[in-house]
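A short worksheet on the structure shown next.
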There are 2 protein chains.
Amino acid sequence: MRTAAEMTELYRQKGLKITPQRQCIFGILEANTTHPTADAIYESALETMPSISRKTVYTVLHELNELGELLTLDVGTGSLRFDPNVERHHHTVCRKCGSVGDVRGIDTARVRMPASEQVGFEVEETEVIFRGICKLCRPKGRKS
Amino acid sequence: MRTAAEMTELYRQKGLKITPQRQCIFGILEANTTHPTADAIYESALETMPSISRKTVYTVLHELNELGELLTLDVGTGSLRFDPNVERHHHTVCRKCGSVGDVRGIDTARVRMPASEQVGFEVEETEVIFRGICKLCRPKGRKS
DNA sequence: ATACTAACTAACAACAAATGTCAGTTTACA
DNA sequence: TGTAAACTGACATTTGTTGTTAGTTAGTAT
């Protein structure tokens, strides 16, 4: 996602109104690397805007998704997560706490399907998920 | 998962009863490569055993999962899928129909996290999902 | 400044997936 | 054949998400 200021400009161009609710959500998502769930974003928005409704949050998130400024991500932890980083990248998922991290710099061009498998399947994207234990959930005092 | 016959033997060893319901589900899963959802398995079971309850199906699936004979798989299509293939392998997901296919023979040892990313994350498994269009959903007459 | 209308709120309903409850019944197997 | 395990069935619950509706607010163009 672009910066909150750029998003404001984009919305203006699209003829969408610049409301405090939308700006609040822009702010929460800007540079957010925690891959929050919709509900986490709602909770976060409540802090600065106690009157915001859950419905509005969902609506704005879907707007952003359709504008291509926000990716949705399902890593199997129960709920959808939103990722403002729309560049191609991959993820880590902690099997203890469910936290999700970004992993850039993987060249998936080298991850090829063997020709014998899935004949006729047209690959558009290759997604890699590293599952394991995150730094915080690792037993202390060990260096792996 | 092993064959239905082997599963029967395993259950016997564990002191679990060999019920027609369990055997029915063994049969459905045996050599099943469609990655069915719990509900698809339930529907399928109803055909040969109209009295089976949804609860039983869920219970047996979780039993099998705990015995390590059945993997659960969440590829972001809404519901859990079950995979009797417990060998390490990867998946294709069709973005049109949601169908899931197996992909064997990928060497994930070469898919390494760059050292600069996610310091301290202990990778246990590397999961690859190829997203795209399956053979059946591809427009006909084209050879990609 | 005003009017138009998009956007928002609020409370509730609905949905799907999964799981829990629990009383009563069946049944696999020792 | 007895008995504990397993199953049924109907219903409730939970979680995440979306839809509804009606009334209110407020951004923006004029």
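Quick note on naming: the chains in the structure tokens go A, B, ... in the order shown, residues restart at 1 in each chain, and ligands are numbered from 1 in order of appearance.
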Distance-based interface of chain A with chain D, 7 Å, counting only C-alpha atoms (C1' of nucleotides), as an mmCIF file with C-alpha atoms, in the first residue's frame:
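The result, written out as result-v7.cif:
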data_model
loop_
_atom_site.group_PDB
_atom_site.id
_atom_site.type_symbol
_atom_site.label_atom_id
_atom_site.label_comp_id
_atom_site.auth_asym_id
_atom_site.auth_seq_id
_atom_site.Cartn_x
_atom_site.Cartn_y
_atom_site.Cartn_z
ATOM 1 C CA LYS A 17 -14.763 10.711 -0.168
ATOM 2 C CA ILE A 18 -11.981 11.321 2.257
ATOM 3 C CA SER A 79 -9.194 -15.599 9.717
#
**OP:** List every residue of chain A that DSSP, applied to the backbone of this structure, assigns to strand (DSSP E or B), and report them as a ChimeraX atom specification.
**Re:** /A:37,71-73,81-83,90-94,100-103,122-133
Subject >> Polymer residues at most 9 Å from region 81-86 of chain B, only C-alpha atoms (C1' of nucleotides), same-chain spacing of 5 or more positions, as a list in words >> reply: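 So, after excluding close chain neighbours, the residues are Met1, Arg2, Leu29, Glu30, Ala31, Asn32, Thr33, Thr34, His35, Pro36, Thr37, Ala38, Leu61, Asn65, Gly68, Glu69, Leu70, Leu71, Thr72, Leu73, Asp74, Val75 and Asp102 of chain B.
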Original post:
What is the CA of Glu124 (chain A) to CA of Gly132 (chain B) distance in Å?
Top reply: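 Atom-to-atom, CA of Glu124 (chain A) to CA of Gly132 (chain B), that is 4.6 Å.
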What are the closest atom pairs, with distances in Å to one decimal, for all residues of chain A lying within 9 Å of chain B? Consider only C-alpha atoms, order rows by chain and residue number, and present the result as a tab-separated table.
residue	atom	partner	partner_atom	distance
A:Leu73	CA	B:Gly76	CA	7.9
A:Asp74	CA	B:Gly76	CA	5.2
A:Val75	CA	B:Gly76	CA	7.1
A:Gly76	CA	B:Asp74	CA	5.2
A:Thr77	CA	B:Asp74	CA	8.8
A:Leu80	CA	B:Gly76	CA	8.7
A:Thr92	CA	B:Gln118	CA	8.0
A:Cys94	CA	B:Phe121	CA	8.3
A:Gly101	CA	B:Gln118	CA	7.0
A:Asp102	CA	B:Gln118	CA	7.4
A:Val103	CA	B:Glu117	CA	5.8
A:Arg104	CA	B:Glu117	CA	7.0
A:Gly105	CA	B:Pro114	CA	6.6
A:Ile106	CA	B:Met113	CA	6.9
A:Asp107	CA	B:Val111	CA	8.2
A:Thr108	CA	B:Val111	CA	8.1
A:Arg110	CA	B:Val111	CA	8.4
A:Val111	CA	B:Ile106	CA	7.4
A:Arg112	CA	B:Ile106	CA	7.5
A:Met113	CA	B:Ile106	CA	6.9
A:Pro114	CA	B:Gly105	CA	6.6
A:Glu117	CA	B:Val103	CA	5.8
A:Gln118	CA	B:Val103	CA	6.9
A:Val119	CA	B:Lys135	CA	7.4
A:Gly120	CA	B:Lys135	CA	4.7
A:Phe121	CA	B:Cys134	CA	4.5
A:Glu122	CA	B:Ile133	CA	5.1
A:Val123	CA	B:Gly132	CA	4.5
A:Glu124	CA	B:Gly132	CA	4.6
A:Glu125	CA	B:Arg131	CA	5.1
A:Thr126	CA	B:Phe130	CA	4.6
A:Glu127	CA	B:Ile129	CA	5.0
A:Val128	CA	B:Val128	CA	4.6
A:Ile129	CA	B:Glu127	CA	5.0
A:Phe130	CA	B:Thr126	CA	4.7
A:Arg131	CA	B:Glu125	CA	5.1
A:Gly132	CA	B:Val123	CA	4.5
A:Ile133	CA	B:Glu122	CA	5.1
A:Cys134	CA	B:Phe121	CA	4.5
A:Lys135	CA	B:Gly120	CA	4.7
A:Leu136	CA	B:Gly120	CA	8.4
A:Arg138	CA	B:Glu122	CA	8.0
A:Lys143	CA	B:Gly120	CA	8.3
A:Ser144	CA	B:Glu122	CA	7.3
Original post:
Which chain C residues are at most 9 Å from chain B (counting only C-alpha atoms (C1' of nucleotides)), as a ChimeraX atom specification?
Top reply: /C:16-19,27-29
Original post:
CA of Thr56 (chain B) and CA of Phe26 (chain B) are how many Å apart?
Top reply: 12.9 Å
Subject >> Surrounding residues of Arg54 (chain A) excluding itself and chain neighbours under 6 positions, 10 Å, only C-alpha atoms (C1' of nucleotides), as a PyMOL selection string >> reply: (chain A and resi 38-39+41-43+45-46) or (chain C and resi 9)
Original post:
Interatomic distance between CA of Gly27 (chain B) and CA of Thr3 (chain B)?
Top reply: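 Those two atoms sit 8.2 Å apart.
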Original post:
How would you write, as a PyMOL selection string, the set of residues in chain A that DSSP gives as alpha helix (DSSP H)?
Top reply: chain A and resi 4-14+20-29+38-48+54-66
Can you write out the residues you just picked, keeping N, CA and C atoms, as a short mmCIF file (atom, residue, chain, number, x, y, z; two decimals), in the first residue's frame?
data_model
loop_
_atom_site.label_atom_id
_atom_site.label_comp_id
_atom_site.auth_asym_id
_atom_site.auth_seq_id
_atom_site.Cartn_x
_atom_site.Cartn_y
_atom_site.Cartn_z
N ALA A 4 -0.32 6.91 3.58
CA ALA A 4 -1.66 7.43 3.86
C ALA A 4 -1.94 8.66 3.00
N ALA A 5 -0.94 9.50 2.83
CA ALA A 5 -1.12 10.71 2.03
C ALA A 5 -1.40 10.36 0.57
N GLU A 6 -0.67 9.40 0.05
CA GLU A 6 -0.90 8.98 -1.33
C GLU A 6 -2.25 8.32 -1.51
N MET A 7 -2.64 7.57 -0.50
CA MET A 7 -3.95 6.92 -0.57
C MET A 7 -5.06 7.97 -0.60
N THR A 8 -4.88 9.00 0.19
CA THR A 8 -5.85 10.09 0.20
C THR A 8 -5.99 10.67 -1.20
N GLU A 9 -4.86 10.90 -1.84
CA GLU A 9 -4.86 11.44 -3.19
C GLU A 9 -5.55 10.48 -4.16
N LEU A 10 -5.24 9.20 -4.03
CA LEU A 10 -5.85 8.19 -4.89
C LEU A 10 -7.36 8.18 -4.75
N TYR A 11 -7.82 8.25 -3.51
CA TYR A 11 -9.26 8.26 -3.27
C TYR A 11 -9.91 9.48 -3.90
N ARG A 12 -9.23 10.60 -3.79
CA ARG A 12 -9.74 11.82 -4.36
C ARG A 12 -9.90 11.66 -5.88
N GLN A 13 -8.88 11.09 -6.47
CA GLN A 13 -8.92 10.87 -7.93
C GLN A 13 -10.07 9.97 -8.34
N LYS A 14 -10.33 8.98 -7.51
CA LYS A 14 -11.39 8.03 -7.83
C LYS A 14 -12.77 8.61 -7.53
N PRO A 20 -12.80 10.59 7.83
CA PRO A 20 -11.88 10.29 8.94
C PRO A 20 -11.74 8.79 9.16
N GLN A 21 -12.82 8.04 8.92
CA GLN A 21 -12.75 6.59 9.10
C GLN A 21 -11.74 5.99 8.13
N ARG A 22 -11.85 6.41 6.87
CA ARG A 22 -10.91 5.87 5.89
C ARG A 22 -9.48 6.28 6.23
N GLN A 23 -9.31 7.51 6.62
CA GLN A 23 -7.95 7.95 6.93
C GLN A 23 -7.39 7.23 8.15
N CYS A 24 -8.27 6.97 9.08
CA CYS A 24 -7.85 6.22 10.26
C CYS A 24 -7.30 4.86 9.85
N ILE A 25 -8.00 4.20 8.96
CA ILE A 25 -7.57 2.87 8.52
C ILE A 25 -6.31 2.96 7.67
N PHE A 26 -6.23 3.98 6.83
CA PHE A 26 -4.99 4.18 6.08
C PHE A 26 -3.81 4.25 7.06
N GLY A 27 -4.01 5.01 8.11
CA GLY A 27 -2.94 5.19 9.08
C GLY A 27 -2.54 3.89 9.76
N ILE A 28 -3.54 3.09 10.08
CA ILE A 28 -3.24 1.83 10.76
C ILE A 28 -2.45 0.90 9.85
N LEU A 29 -2.81 0.92 8.57
CA LEU A 29 -2.18 -0.03 7.65
C LEU A 29 -0.81 0.43 7.17
N ALA A 38 -8.90 -8.69 10.15
CA ALA A 38 -9.86 -7.60 10.07
C ALA A 38 -10.24 -7.13 11.46
N ASP A 39 -10.39 -8.07 12.34
CA ASP A 39 -10.80 -7.71 13.68
C ASP A 39 -9.71 -6.95 14.44
N ALA A 40 -8.47 -7.33 14.20
CA ALA A 40 -7.37 -6.62 14.84
C ALA A 40 -7.34 -5.17 14.37
N ILE A 41 -7.64 -4.96 13.10
CA ILE A 41 -7.67 -3.61 12.55
C ILE A 41 -8.84 -2.83 13.18
N TYR A 42 -9.95 -3.52 13.31
CA TYR A 42 -11.12 -2.89 13.94
C TYR A 42 -10.79 -2.46 15.37
N GLU A 43 -10.21 -3.37 16.12
CA GLU A 43 -9.83 -3.05 17.51
C GLU A 43 -8.90 -1.85 17.56
N SER A 44 -7.95 -1.87 16.63
CA SER A 44 -6.97 -0.79 16.59
C SER A 44 -7.64 0.53 16.24
N ALA A 45 -8.60 0.47 15.34
CA ALA A 45 -9.30 1.69 14.94
C ALA A 45 -10.14 2.25 16.08
N LEU A 46 -10.70 1.36 16.89
CA LEU A 46 -11.52 1.78 18.02
C LEU A 46 -10.75 2.69 18.97
N GLU A 47 -9.46 2.47 19.05
CA GLU A 47 -8.66 3.25 20.00
C GLU A 47 -8.67 4.74 19.68
N THR A 48 -8.55 5.02 18.38
CA THR A 48 -8.53 6.44 18.03
C THR A 48 -9.89 6.94 17.57
N ARG A 54 -17.80 -1.79 12.91
CA ARG A 54 -17.11 -2.94 12.35
C ARG A 54 -17.38 -3.03 10.84
N LYS A 55 -18.60 -2.71 10.50
CA LYS A 55 -18.98 -2.79 9.08
C LYS A 55 -18.12 -1.88 8.21
N THR A 56 -17.92 -0.69 8.69
CA THR A 56 -17.10 0.26 7.94
C THR A 56 -15.70 -0.28 7.72
N VAL A 57 -15.14 -0.87 8.76
CA VAL A 57 -13.78 -1.41 8.65
C VAL A 57 -13.73 -2.48 7.57
N TYR A 58 -14.66 -3.41 7.61
CA TYR A 58 -14.69 -4.46 6.59
C TYR A 58 -14.83 -3.85 5.19
N THR A 59 -15.73 -2.88 5.09
CA THR A 59 -15.97 -2.28 3.78
C THR A 59 -14.71 -1.62 3.24
N VAL A 60 -14.04 -0.85 4.06
CA VAL A 60 -12.84 -0.15 3.61
C VAL A 60 -11.73 -1.14 3.25
N LEU A 61 -11.61 -2.18 4.03
CA LEU A 61 -10.58 -3.18 3.72
C LEU A 61 -10.84 -3.81 2.34
N HIS A 62 -12.09 -4.05 2.04
CA HIS A 62 -12.39 -4.65 0.74
C HIS A 62 -12.21 -3.65 -0.40
N GLU A 63 -12.52 -2.41 -0.11
CA GLU A 63 -12.22 -1.36 -1.08
C GLU A 63 -10.75 -1.39 -1.45
N LEU A 64 -9.93 -1.37 -0.43
CA LEU A 64 -8.48 -1.33 -0.64
C LEU A 64 -8.00 -2.56 -1.38
N ASN A 65 -8.60 -3.67 -1.05
CA ASN A 65 -8.24 -4.91 -1.73
C ASN A 65 -8.57 -4.82 -3.22
N GLU A 66 -9.74 -4.25 -3.51
CA GLU A 66 -10.13 -4.14 -4.91
C GLU A 66 -9.32 -3.10 -5.67
#
